[in-house]
Structures are given as C-alpha cells and as structure tokens.
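entry.txt follows (compact mmCIF, C-alpha atoms):
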# COMPACT_ATOMS: atom_id res chain seq x y z
CA MET A 556 -38.97 4.26 -44.69
CA THR A 557 -37.75 6.39 -41.79
CA GLU A 558 -40.07 5.56 -38.91
CA GLU A 559 -40.41 1.92 -39.81
CA SER A 560 -36.71 1.32 -40.08
CA ALA A 561 -36.02 3.29 -36.91
CA GLY A 562 -38.39 1.00 -35.09
CA GLY A 563 -39.34 3.93 -32.88
CA VAL A 564 -36.09 3.73 -30.90
CA ALA A 565 -33.84 6.74 -31.27
CA LYS A 566 -30.12 6.19 -31.35
CA LYS A 567 -27.53 8.72 -30.30
CA PHE A 568 -25.76 10.00 -33.43
CA LEU A 569 -22.64 12.16 -33.18
CA TYR A 570 -21.18 13.92 -36.21
CA VAL A 571 -17.52 14.70 -35.66
CA ASN A 572 -16.19 17.59 -37.73
CA ARG A 573 -12.41 17.72 -37.81
CA ARG A 574 -11.55 19.76 -40.86
CA ALA A 575 -11.55 23.38 -42.00
CA PRO A 576 -14.57 24.32 -44.12
CA TYR A 577 -13.20 24.85 -47.63
CA GLY A 578 -9.86 23.07 -47.93
CA SER A 579 -11.73 19.85 -48.57
CA ILE A 580 -15.34 18.82 -49.09
CA TYR A 581 -15.69 16.85 -45.83
CA ALA A 582 -17.27 19.71 -43.88
CA LEU A 583 -19.92 20.47 -46.50
CA GLU A 584 -20.78 16.83 -47.10
CA SER A 585 -20.91 16.21 -43.35
CA LEU A 586 -23.48 18.97 -43.05
CA GLU A 587 -25.48 17.35 -45.85
CA VAL A 588 -25.66 14.13 -43.84
CA VAL A 589 -26.79 16.06 -40.76
CA LEU A 590 -29.60 17.72 -42.70
CA ILE A 591 -30.82 14.48 -44.29
CA GLY A 592 -30.37 12.60 -41.03
CA ALA A 593 -32.56 15.09 -39.16
CA ALA A 594 -35.61 13.56 -40.85
CA PHE A 595 -34.95 10.29 -39.03
CA GLU A 596 -35.66 11.82 -35.62
CA GLN A 597 -32.61 10.43 -33.89
CA ASP A 598 -30.78 11.97 -30.93
CA VAL A 599 -28.26 14.09 -32.84
CA SER A 600 -25.17 15.95 -31.64
CA LEU A 601 -22.34 17.66 -33.50
CA ALA A 602 -18.75 17.88 -32.33
CA PHE A 603 -16.11 20.25 -33.65
CA LEU A 604 -12.48 19.32 -33.11
CA GLY A 605 -9.20 20.66 -34.43
CA ASP A 606 -9.55 22.79 -37.56
CA GLY A 607 -13.22 21.77 -37.55
CA VAL A 608 -13.91 24.73 -35.26
CA TYR A 609 -13.25 27.05 -38.24
CA GLN A 610 -16.47 25.72 -39.82
CA LEU A 611 -18.38 27.78 -37.24
CA ALA A 612 -16.31 30.96 -37.50
CA LYS A 613 -18.21 34.18 -38.16
CA GLY A 614 -17.44 36.38 -41.14
CA GLN A 615 -16.59 33.71 -43.68
CA ASP A 616 -16.13 35.30 -47.10
CA THR A 617 -15.74 32.73 -49.87
CA LYS A 618 -16.09 35.01 -52.91
CA GLY A 619 -12.42 34.74 -53.75
CA LEU A 620 -12.60 30.96 -53.52
CA GLU A 621 -15.61 30.77 -55.84
CA MET A 622 -17.20 28.39 -53.36
CA LYS A 623 -20.50 28.65 -51.57
CA ASN A 624 -20.32 29.94 -48.01
CA PHE A 625 -22.30 27.29 -46.16
CA SER A 626 -21.76 28.63 -42.65
CA PRO A 627 -25.29 30.19 -42.51
CA THR A 628 -26.66 26.64 -42.70
CA PHE A 629 -25.44 26.02 -39.17
CA ARG A 630 -27.90 28.66 -38.00
CA ALA A 631 -30.73 26.68 -39.61
CA LEU A 632 -29.91 23.51 -37.68
CA GLU A 633 -32.14 24.66 -34.83
CA ASP A 634 -35.14 24.35 -37.18
CA TYR A 635 -34.16 20.70 -37.65
CA ASP A 636 -34.07 20.17 -33.87
CA VAL A 637 -30.30 19.82 -34.01
CA THR A 638 -29.24 21.92 -31.03
CA LYS A 639 -26.40 20.03 -29.35
CA LEU A 640 -23.20 21.49 -30.74
CA TYR A 641 -20.03 20.72 -28.80
CA VAL A 642 -16.80 22.56 -29.50
CA GLU A 643 -13.47 21.40 -28.17
CA LYS A 644 -12.10 24.06 -25.82
CA GLU A 645 -8.45 23.35 -26.60
CA ALA A 646 -9.06 23.58 -30.35
CA LEU A 647 -10.87 26.88 -30.01
CA GLU A 648 -8.19 28.41 -27.79
CA ALA A 649 -5.31 27.19 -29.93
CA ARG A 650 -6.83 29.12 -32.83
CA GLY A 651 -7.45 32.30 -30.86
CA LEU A 652 -11.22 31.94 -31.08
CA SER A 653 -13.92 32.33 -28.45
CA PRO A 654 -17.61 31.38 -28.51
CA ALA A 655 -18.38 35.00 -29.47
CA ASP A 656 -16.56 34.38 -32.78
CA LEU A 657 -18.93 31.57 -33.77
CA VAL A 658 -22.11 31.78 -35.89
CA VAL A 659 -24.20 29.71 -33.47
CA PRO A 660 -24.40 29.16 -29.71
CA VAL A 661 -22.33 26.13 -28.74
CA GLU A 662 -21.26 24.27 -25.65
CA VAL A 663 -17.50 24.54 -25.22
CA VAL A 664 -16.13 21.38 -23.63
CA SER A 665 -12.66 20.11 -22.72
CA ALA A 666 -11.08 17.35 -24.80
CA GLU A 667 -11.56 15.10 -21.79
CA ARG A 668 -15.29 15.87 -21.64
CA MET A 669 -15.50 15.41 -25.41
CA ALA A 670 -14.18 11.89 -24.98
CA GLU A 671 -16.99 11.19 -22.50
CA ILE A 672 -19.56 12.57 -24.94
CA MET A 673 -18.19 10.26 -27.64
CA GLU A 674 -18.27 7.33 -25.25
CA ALA A 675 -22.00 7.87 -24.71
CA GLN A 676 -22.90 7.63 -28.42
CA ASP A 677 -24.39 4.75 -30.43
CA VAL A 678 -23.20 5.95 -33.82
CA ILE A 679 -20.24 8.24 -34.54
CA LEU A 680 -19.76 9.62 -38.04
CA SER A 681 -16.33 11.20 -38.35
CA PHE A 682 -15.62 13.64 -41.16
CA MET B 899 -22.92 -8.95 -34.81
CA LYS B 900 -24.57 -6.80 -37.45
CA PHE B 901 -22.19 -4.27 -39.00
CA SER B 902 -22.63 -1.34 -41.32
CA VAL B 903 -19.59 0.16 -43.00
CA LEU B 904 -18.94 3.68 -44.26
CA VAL B 905 -16.18 4.18 -46.84
CA ASN B 906 -15.13 7.82 -47.18
CA GLU B 907 -12.11 7.61 -49.47
CA GLY B 908 -11.59 6.58 -53.06
CA PRO B 909 -9.60 3.58 -54.26
CA TYR B 910 -5.77 3.56 -54.45
CA THR B 911 -5.19 7.12 -53.16
CA HIS B 912 -6.09 6.09 -49.60
CA GLU B 913 -5.84 2.77 -47.87
CA ALA B 914 -9.29 3.28 -46.30
CA SER B 915 -11.04 1.40 -49.09
CA ASP B 916 -8.64 -1.56 -48.81
CA THR B 917 -9.05 -1.68 -45.04
CA ALA B 918 -12.82 -1.49 -45.33
CA TYR B 919 -12.81 -4.36 -47.82
CA GLN B 920 -10.56 -6.46 -45.60
CA PHE B 921 -12.74 -5.69 -42.58
CA VAL B 922 -15.90 -6.73 -44.42
CA ARG B 923 -14.30 -9.93 -45.68
CA ALA B 924 -12.98 -10.80 -42.21
CA ALA B 925 -16.31 -10.03 -40.53
CA LEU B 926 -18.16 -12.27 -43.01
CA ALA B 927 -15.60 -15.04 -42.49
CA LYS B 928 -16.28 -14.87 -38.75
CA GLY B 929 -20.00 -15.26 -39.38
CA HIS B 930 -21.00 -11.63 -38.79
CA GLU B 931 -23.62 -9.88 -40.86
CA ILE B 932 -22.85 -6.86 -43.03
CA TYR B 933 -26.05 -4.87 -43.20
CA ARG B 934 -24.75 -2.34 -45.72
CA VAL B 935 -21.60 -0.74 -47.10
CA PHE B 936 -22.16 2.94 -47.82
CA PHE B 937 -19.76 4.91 -50.04
CA TYR B 938 -19.48 8.64 -49.45
CA HIS B 939 -17.19 11.56 -50.35
CA ASP B 940 -14.53 10.27 -52.81
CA GLY B 941 -15.49 6.80 -51.60
CA VAL B 942 -18.09 6.77 -54.37
CA ASN B 943 -15.20 6.21 -56.80
CA ASN B 944 -14.95 2.66 -55.49
CA GLY B 945 -18.05 2.04 -57.59
CA THR B 946 -16.82 2.96 -61.07
CA ARG B 947 -16.50 0.05 -63.45
CA LEU B 948 -14.08 2.03 -65.64
CA THR B 949 -10.97 1.62 -63.49
CA VAL B 950 -8.12 -0.28 -65.15
CA PRO B 951 -5.43 -0.87 -62.54
CA PRO B 952 -2.11 -2.47 -63.55
CA GLN B 953 -2.41 -6.24 -63.82
CA ASP B 954 0.00 -6.91 -60.96
CA ASP B 955 -2.07 -4.76 -58.60
CA ARG B 956 -5.31 -5.48 -56.75
CA ASN B 957 -8.50 -4.55 -58.58
CA ILE B 958 -10.37 -2.73 -55.84
CA VAL B 959 -13.63 -2.14 -57.72
CA LYS B 960 -13.83 -5.67 -59.06
CA ARG B 961 -13.03 -7.02 -55.62
CA TRP B 962 -16.05 -5.19 -54.14
CA SER B 963 -18.30 -6.40 -56.96
CA GLU B 964 -17.20 -10.00 -56.46
CA LEU B 965 -17.64 -9.87 -52.70
CA ALA B 966 -21.10 -8.37 -53.19
CA ALA B 967 -22.11 -11.16 -55.56
CA GLN B 968 -20.72 -13.82 -53.25
CA HIS B 969 -22.41 -12.56 -50.08
CA LYS B 970 -25.36 -10.56 -51.46
CA LEU B 971 -23.87 -7.38 -49.98
CA ASP B 972 -25.74 -4.11 -50.20
CA LEU B 973 -23.19 -1.67 -51.65
CA VAL B 974 -24.72 1.79 -51.76
CA VAL B 975 -23.17 4.82 -53.44
CA CYS B 976 -24.40 8.21 -52.23
CA ILE B 977 -26.26 9.91 -55.04
CA ALA B 978 -25.31 13.50 -54.13
CA ALA B 979 -21.62 12.64 -53.78
CA ALA B 980 -21.78 10.54 -56.97
CA GLN B 981 -23.34 13.31 -59.03
CA ARG B 982 -20.59 15.71 -58.02
CA ARG B 983 -17.92 13.23 -59.05
CA GLY B 984 -19.35 11.85 -62.28
CA LEU B 985 -20.53 8.45 -61.15
CA MET B 986 -23.90 7.24 -62.39
CA ASP B 987 -25.99 4.25 -63.28
CA ALA B 988 -27.98 4.02 -66.52
CA ALA B 989 -31.11 5.57 -65.01
CA GLU B 990 -29.19 8.52 -63.57
CA ALA B 991 -27.35 9.04 -66.85
CA LYS B 992 -30.64 9.21 -68.68
CA ARG B 993 -32.21 11.51 -66.09
CA ASN B 994 -29.26 13.90 -66.25
CA GLY B 995 -28.88 13.79 -70.01
CA LYS B 996 -25.44 12.16 -69.92
CA ASP B 997 -24.13 9.92 -72.68
CA ALA B 998 -22.57 7.24 -70.47
CA ASP B 999 -22.92 5.41 -67.19
CA ASN B 1000 -20.21 3.78 -65.12
CA LEU B 1001 -21.59 2.08 -62.04
CA ALA B 1002 -19.94 -1.28 -61.39
CA PRO B 1003 -21.98 -4.47 -60.87
CA GLY B 1004 -23.18 -5.06 -57.32
CA PHE B 1005 -23.40 -1.35 -56.48
CA ARG B 1006 -26.54 0.73 -56.35
CA ILE B 1007 -27.05 4.48 -56.12
CA SER B 1008 -29.26 5.87 -53.39
CA GLY B 1009 -29.62 8.71 -50.91
CA LEU B 1010 -27.94 9.64 -47.63
CA GLY B 1011 -30.96 8.30 -45.77
CA GLN B 1012 -29.50 4.87 -46.47
CA LEU B 1013 -26.45 5.81 -44.39
CA ILE B 1014 -28.53 6.95 -41.45
CA GLU B 1015 -30.68 3.85 -41.71
CA ALA B 1016 -27.54 1.70 -41.82
CA GLY B 1017 -26.46 3.36 -38.55
CA ILE B 1018 -29.84 2.72 -36.99
CA GLN B 1019 -30.15 -0.90 -38.08
CA ALA B 1020 -26.64 -2.13 -37.35
CA ASP B 1021 -25.11 -2.94 -33.99
CA ARG B 1022 -22.00 -1.03 -35.08
CA LEU B 1023 -21.28 1.46 -37.85
CA VAL B 1024 -17.60 1.33 -38.73
CA VAL B 1025 -16.15 4.35 -40.56
CA PHE B 1026 -13.15 4.02 -42.86
CA GLY B 1027 -11.63 7.31 -43.92
CA ASP B 1028 -8.78 9.74 -43.66

Could you render the structure as structure tokens?
Amino acid sequence: MTEESAGGVAKKFLYVNRRAPYGSIYALESLEVVLIGAAFEQDVSLAFLGDGVYQLAKGQDTKGLEMKNFSPTFRALEDYDVTKLYVEKEALEARGLSPADLVVPVEVVSAERMAEIMEAQDVILSF
Amino acid sequence: MKFSVLVNEGPYTHEASDTAYQFVRAALAKGHEIYRVFFYHDGVNNGTRLTVPPQDDRNIVKRWSELAAQHKLDLVVCIAAAQRRGLMDAAEAKRNGKDADNLAPGFRISGLGQLIEAGIQADRLVVFGD
C-alpha cells in the first residue's frame, strides 16, 4: 500500500504539537501518527509550540498519574529517520526551559522562523 | 481540487465536527473531490450509531452517514483511537470478545496509515479540531 500510494514522491509532513503531554491525549496520539507515518517514507518534521514543548521535557515522572511516560519514545524517532524537531524559542523561554532540559536534540527556532517552516510544508497535522 | 479531511473532535462537544461536515458538503457542492474523511482522537465518536440527539437538534452521525451514501464518501475511523473509546464494527467486536458493535453505516474502521495516505493523495489535507 505505502509505496504504491505514495507514487514515489515524498511530501513534506509537519506534525505540530501544541499541548502538554498528559493533560489530554493529543500528544500521545500525535506521536502514534508519527510512528505509523514513518513507514511511508515522507519528509517528516515535528514542531513544538506553546505547552507542546513540555512533551520533550526531561525527568517526566508519571507514576502518580497512573499514565505511561511516553517521552522516551521521542528518543527512538531517530531510528525511524525522524530527525527534524523544531521547538519554538519563545515557548521554551516562557516556560523557563532550555535545550539542555529536553530529552532529544532539537533545533530551537523563533516563532517567525517557525511560520516559514510551516509555509514550506505540503501537509500539516496539528494536534 | 482533491481534499482530505481530518476530524479530531467528537460530536456536539466541539463544533469541529459540524464545521468539517459543512466544509465537506460545500466542497462537494462546488465540484471538488473528497478523497477521504479520517476521524481521530475523540473524532471517532462521530461514527457511533448509538447517539440519540434531541429531535429538534441536528443528528451529526446520521448526517455523516447520509452524506457518505449520497457521495460515496470514504469515512474512516482510526482503529487505535476507536478501541480506546469503545467504538467497533462487528468484526472488531468479535475479535475483541465484545458483545456489541456500534459503527454507523457509511463508516469503516482502519489504521492510521489511511490518514497518511490521505495526506499524500490529496491536494490539501484540512484539519478540524480544537
């Protein structure tokens, strides 16, 4: 199904993550799309805006929530050839975070640059 | 133009499902093609045939089913999201040992690959959500 339907032409897919990891299911289910989508060999990027930057924060402890901590999955994305992770600079700074606080290496970009990245996409999935 | 549509919210709680429906109807009326409508997150609840809204209100699920029948729409409910939320067709009910199924006519259950493929095949993927 995958190669045939793709017709051999990769599209630029951007997954936009806007929400904190456990307050709602959007973050987890977004990650599920990324993992499934990786099999389609498209040109994939992830963007983290607003509270979405918390998805990448180190030291997540979800025991008290009785939910699965899915942050280690972000470290596995490299194995799926998903390596373009953009984090909004303003969002990170507003929350007192720096790239050193995140579980994976990311490219920190200004909101203005983020808009340009979005402009360059074929498909944007916003969660 | 060939559109795909992603619906991320359930019926009634959010307007997203209404707006998606109105978008699809308007696009069809203008002669555009709807390649697929994919239901994800709580959006899968748009596909339960067990909703009974008040008679003076719109029937969102029925409305989707009717539009699908009229235009041969491909309405796809994400299987992983559906399983979490208790939405299943007869085959899924049997496979999971459940005593009932609730998928509305015109919908089918399939995987997330169908969403990616919808993004690849369409000229535009339009997301309706919160």

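Taking CA of Arg982 in chain B as the reference point, CA of Asp1028 in chain B is found at 19.5 Å.
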
Could you check the closest approach to Glu633 in chain A for each of A:Ser600, A:Ser579, A:Val571, A:Gln676 and tell me which residue wins, using only C-alpha atoms?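 Going through A:Ser600, A:Ser579, A:Val571, A:Gln676 one by one, the smallest distance to Glu633 in chain A is for A:Ser600.
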
For Gly1011 in chain B, which residue out of A:Tyr581, A:Val599, A:Val589, A:Tyr570 is the nearest one, using all atoms listed in the file?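 Of A:Tyr581, A:Val599, A:Val589, A:Tyr570, the one nearest Gly1011 in chain B is A:Val589, counting all atoms listed in the file.
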
Please identify every residue of chain B that has at least one atom no more than 10 Å from any atom of chain A, counting all atoms listed in the file, and report them as a CSV table (one decimal) with C-alpha atoms, in the coordinates of the input.
chain,number,residue,atom,x,y,z
B,904,LEU,CA,-18.9,3.7,-44.3
B,906,ASN,CA,-15.1,7.8,-47.2
B,938,TYR,CA,-19.5,8.6,-49.4
B,939,HIS,CA,-17.2,11.6,-50.4
B,940,ASP,CA,-14.5,10.3,-52.8
B,978,ALA,CA,-25.3,13.5,-54.1
B,979,ALA,CA,-21.6,12.6,-53.8
B,1009,GLY,CA,-29.6,8.7,-50.9
B,1010,LEU,CA,-27.9,9.6,-47.6
B,1011,GLY,CA,-31.0,8.3,-45.8
B,1012,GLN,CA,-29.5,4.9,-46.5
B,1013,LEU,CA,-26.4,5.8,-44.4
B,1014,ILE,CA,-28.5,7.0,-41.4
B,1015,GLU,CA,-30.7,3.8,-41.7
B,1016,ALA,CA,-27.5,1.7,-41.8
B,1017,GLY,CA,-26.5,3.4,-38.6
B,1018,ILE,CA,-29.8,2.7,-37.0
B,1019,GLN,CA,-30.2,-0.9,-38.1
B,1020,ALA,CA,-26.6,-2.1,-37.4
B,1021,ASP,CA,-25.1,-2.9,-34.0
B,1022,ARG,CA,-22.0,-1.0,-35.1
B,1023,LEU,CA,-21.3,1.5,-37.8
B,1024,VAL,CA,-17.6,1.3,-38.7
B,1025,VAL,CA,-16.2,4.4,-40.6
B,1026,PHE,CA,-13.2,4.0,-42.9
B,1027,GLY,CA,-11.6,7.3,-43.9
B,1028,ASP,CA,-8.8,9.7,-43.7

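CA of Ser963 in chain B sits 7.0 Å away from CA of Ala1002 in chain B.
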
List as a count of residues only the protein and nucleic acid residues near Arg1006 in chain B, meaning an atom at most 7 Å away when all atoms listed in the file are counted, but skip any in the same chain fewer than 3 places from it. 3

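One distance worth recording is that between CA of Val905 in chain B and CA of Pro952 in chain B, which is 22.8 Å.
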
Taking all atoms listed in the file into account, name the residue in A:Ala582, A:Met669, A:Val658, A:Glu674 that is nearest to Arg630 in chain A.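 When distances to Arg630 in chain A are compared using all atoms listed in the file, the smallest one comes from A:Val658.
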
Among listed residues A:Ala666, A:Met673, A:Gly614, A:Leu569, nearest Val642 in chain A (using only C-alpha atoms): A:Ala666

Can you rebuild range 969-995 of chain B with N, CA and C atoms and give it as a PDB file, in the coordinates of the input?
ATOM      1  N   HIS B 969     -21.738 -12.641 -51.381  1.00  0.00           N
ATOM      2  CA  HIS B 969     -22.410 -12.560 -50.080  1.00  0.00           C
ATOM      3  C   HIS B 969     -23.688 -11.725 -50.125  1.00  0.00           C
ATOM      4  N   LYS B 970     -24.150 -11.397 -51.325  1.00  0.00           N
ATOM      5  CA  LYS B 970     -25.360 -10.560 -51.460  1.00  0.00           C
ATOM      6  C   LYS B 970     -25.237  -9.287 -50.616  1.00  0.00           C
ATOM      7  N   LEU B 971     -24.079  -8.617 -50.737  1.00  0.00           N
ATOM      8  CA  LEU B 971     -23.870  -7.380 -49.980  1.00  0.00           C
ATOM      9  C   LEU B 971     -24.672  -6.249 -50.587  1.00  0.00           C
ATOM     10  N   ASP B 972     -25.070  -5.317 -49.738  1.00  0.00           N
ATOM     11  CA  ASP B 972     -25.740  -4.110 -50.200  1.00  0.00           C
ATOM     12  C   ASP B 972     -24.709  -2.985 -50.261  1.00  0.00           C
ATOM     13  N   LEU B 973     -24.183  -2.734 -51.461  1.00  0.00           N
ATOM     14  CA  LEU B 973     -23.190  -1.670 -51.650  1.00  0.00           C
ATOM     15  C   LEU B 973     -23.907  -0.439 -52.186  1.00  0.00           C
ATOM     16  N   VAL B 974     -23.952   0.608 -51.381  1.00  0.00           N
ATOM     17  CA  VAL B 974     -24.720   1.790 -51.760  1.00  0.00           C
ATOM     18  C   VAL B 974     -23.801   2.987 -51.955  1.00  0.00           C
ATOM     19  N   VAL B 975     -23.934   3.623 -53.101  1.00  0.00           N
ATOM     20  CA  VAL B 975     -23.170   4.820 -53.440  1.00  0.00           C
ATOM     21  C   VAL B 975     -24.065   6.032 -53.231  1.00  0.00           C
ATOM     22  N   CYS B 976     -23.584   7.016 -52.491  1.00  0.00           N
ATOM     23  CA  CYS B 976     -24.400   8.210 -52.230  1.00  0.00           C
ATOM     24  C   CYS B 976     -24.650   8.987 -53.522  1.00  0.00           C
ATOM     25  N   ILE B 977     -25.905   9.276 -53.771  1.00  0.00           N
ATOM     26  CA  ILE B 977     -26.260   9.910 -55.040  1.00  0.00           C
ATOM     27  C   ILE B 977     -25.708  11.335 -55.150  1.00  0.00           C
ATOM     28  N   ALA B 978     -25.779  12.102 -54.061  1.00  0.00           N
ATOM     29  CA  ALA B 978     -25.310  13.500 -54.130  1.00  0.00           C
ATOM     30  C   ALA B 978     -23.799  13.538 -54.353  1.00  0.00           C
ATOM     31  N   ALA B 979     -23.077  12.694 -53.618  1.00  0.00           N
ATOM     32  CA  ALA B 979     -21.620  12.640 -53.780  1.00  0.00           C
ATOM     33  C   ALA B 979     -21.255  12.097 -55.156  1.00  0.00           C
ATOM     34  N   ALA B 980     -22.041  11.147 -55.659  1.00  0.00           N
ATOM     35  CA  ALA B 980     -21.780  10.540 -56.970  1.00  0.00           C
ATOM     36  C   ALA B 980     -22.001  11.539 -58.099  1.00  0.00           C
ATOM     37  N   GLN B 981     -23.048  12.328 -57.975  1.00  0.00           N
ATOM     38  CA  GLN B 981     -23.340  13.310 -59.030  1.00  0.00           C
ATOM     39  C   GLN B 981     -22.220  14.328 -59.148  1.00  0.00           C
ATOM     40  N   ARG B 982     -21.693  14.755 -57.999  1.00  0.00           N
ATOM     41  CA  ARG B 982     -20.590  15.710 -58.020  1.00  0.00           C
ATOM     42  C   ARG B 982     -19.369  15.149 -58.744  1.00  0.00           C
ATOM     43  N   ARG B 983     -19.183  13.836 -58.600  1.00  0.00           N
ATOM     44  CA  ARG B 983     -17.920  13.230 -59.050  1.00  0.00           C
ATOM     45  C   ARG B 983     -18.050  12.435 -60.340  1.00  0.00           C
ATOM     46  N   GLY B 984     -19.211  12.505 -60.981  1.00  0.00           N
ATOM     47  CA  GLY B 984     -19.350  11.850 -62.280  1.00  0.00           C
ATOM     48  C   GLY B 984     -19.502  10.354 -62.217  1.00  0.00           C
ATOM     49  N   LEU B 985     -20.275   9.879 -61.241  1.00  0.00           N
ATOM     50  CA  LEU B 985     -20.530   8.450 -61.150  1.00  0.00           C
ATOM     51  C   LEU B 985     -22.028   8.241 -61.281  1.00  0.00           C
ATOM     52  N   MET B 986     -22.452   7.431 -62.231  1.00  0.00           N
ATOM     53  CA  MET B 986     -23.900   7.240 -62.390  1.00  0.00           C
ATOM     54  C   MET B 986     -24.258   5.894 -63.001  1.00  0.00           C
ATOM     55  N   ASP B 987     -25.464   5.453 -62.640  1.00  0.00           N
ATOM     56  CA  ASP B 987     -25.990   4.250 -63.280  1.00  0.00           C
ATOM     57  C   ASP B 987     -26.774   4.681 -64.524  1.00  0.00           C
ATOM     58  N   ALA B 988     -27.311   3.711 -65.246  1.00  0.00           N
ATOM     59  CA  ALA B 988     -27.980   4.020 -66.520  1.00  0.00           C
ATOM     60  C   ALA B 988     -29.160   4.959 -66.323  1.00  0.00           C
ATOM     61  N   ALA B 989     -29.923   4.735 -65.259  1.00  0.00           N
ATOM     62  CA  ALA B 989     -31.110   5.570 -65.010  1.00  0.00           C
ATOM     63  C   ALA B 989     -30.714   7.012 -64.707  1.00  0.00           C
ATOM     64  N   GLU B 990     -29.665   7.180 -63.918  1.00  0.00           N
ATOM     65  CA  GLU B 990     -29.190   8.520 -63.570  1.00  0.00           C
ATOM     66  C   GLU B 990     -28.620   9.228 -64.792  1.00  0.00           C
ATOM     67  N   ALA B 991     -27.919   8.463 -65.628  1.00  0.00           N
ATOM     68  CA  ALA B 991     -27.350   9.040 -66.850  1.00  0.00           C
ATOM     69  C   ALA B 991     -28.461   9.583 -67.742  1.00  0.00           C
ATOM     70  N   LYS B 992     -29.518   8.803 -67.839  1.00  0.00           N
ATOM     71  CA  LYS B 992     -30.640   9.210 -68.680  1.00  0.00           C
ATOM     72  C   LYS B 992     -31.314  10.453 -68.080  1.00  0.00           C
ATOM     73  N   ARG B 993     -31.525  10.411 -66.785  1.00  0.00           N
ATOM     74  CA  ARG B 993     -32.210  11.510 -66.090  1.00  0.00           C
ATOM     75  C   ARG B 993     -31.439  12.814 -66.207  1.00  0.00           C
ATOM     76  N   ASN B 994     -30.098  12.704 -66.210  1.00  0.00           N
ATOM     77  CA  ASN B 994     -29.260  13.900 -66.250  1.00  0.00           C
ATOM     78  C   ASN B 994     -28.765  14.240 -67.658  1.00  0.00           C
ATOM     79  N   GLY B 995     -29.264  13.506 -68.642  1.00  0.00           N
ATOM     80  CA  GLY B 995     -28.880  13.790 -70.010  1.00  0.00           C
ATOM     81  C   GLY B 995     -27.410  13.526 -70.311  1.00  0.00           C
TER      82      GLY B 995
END
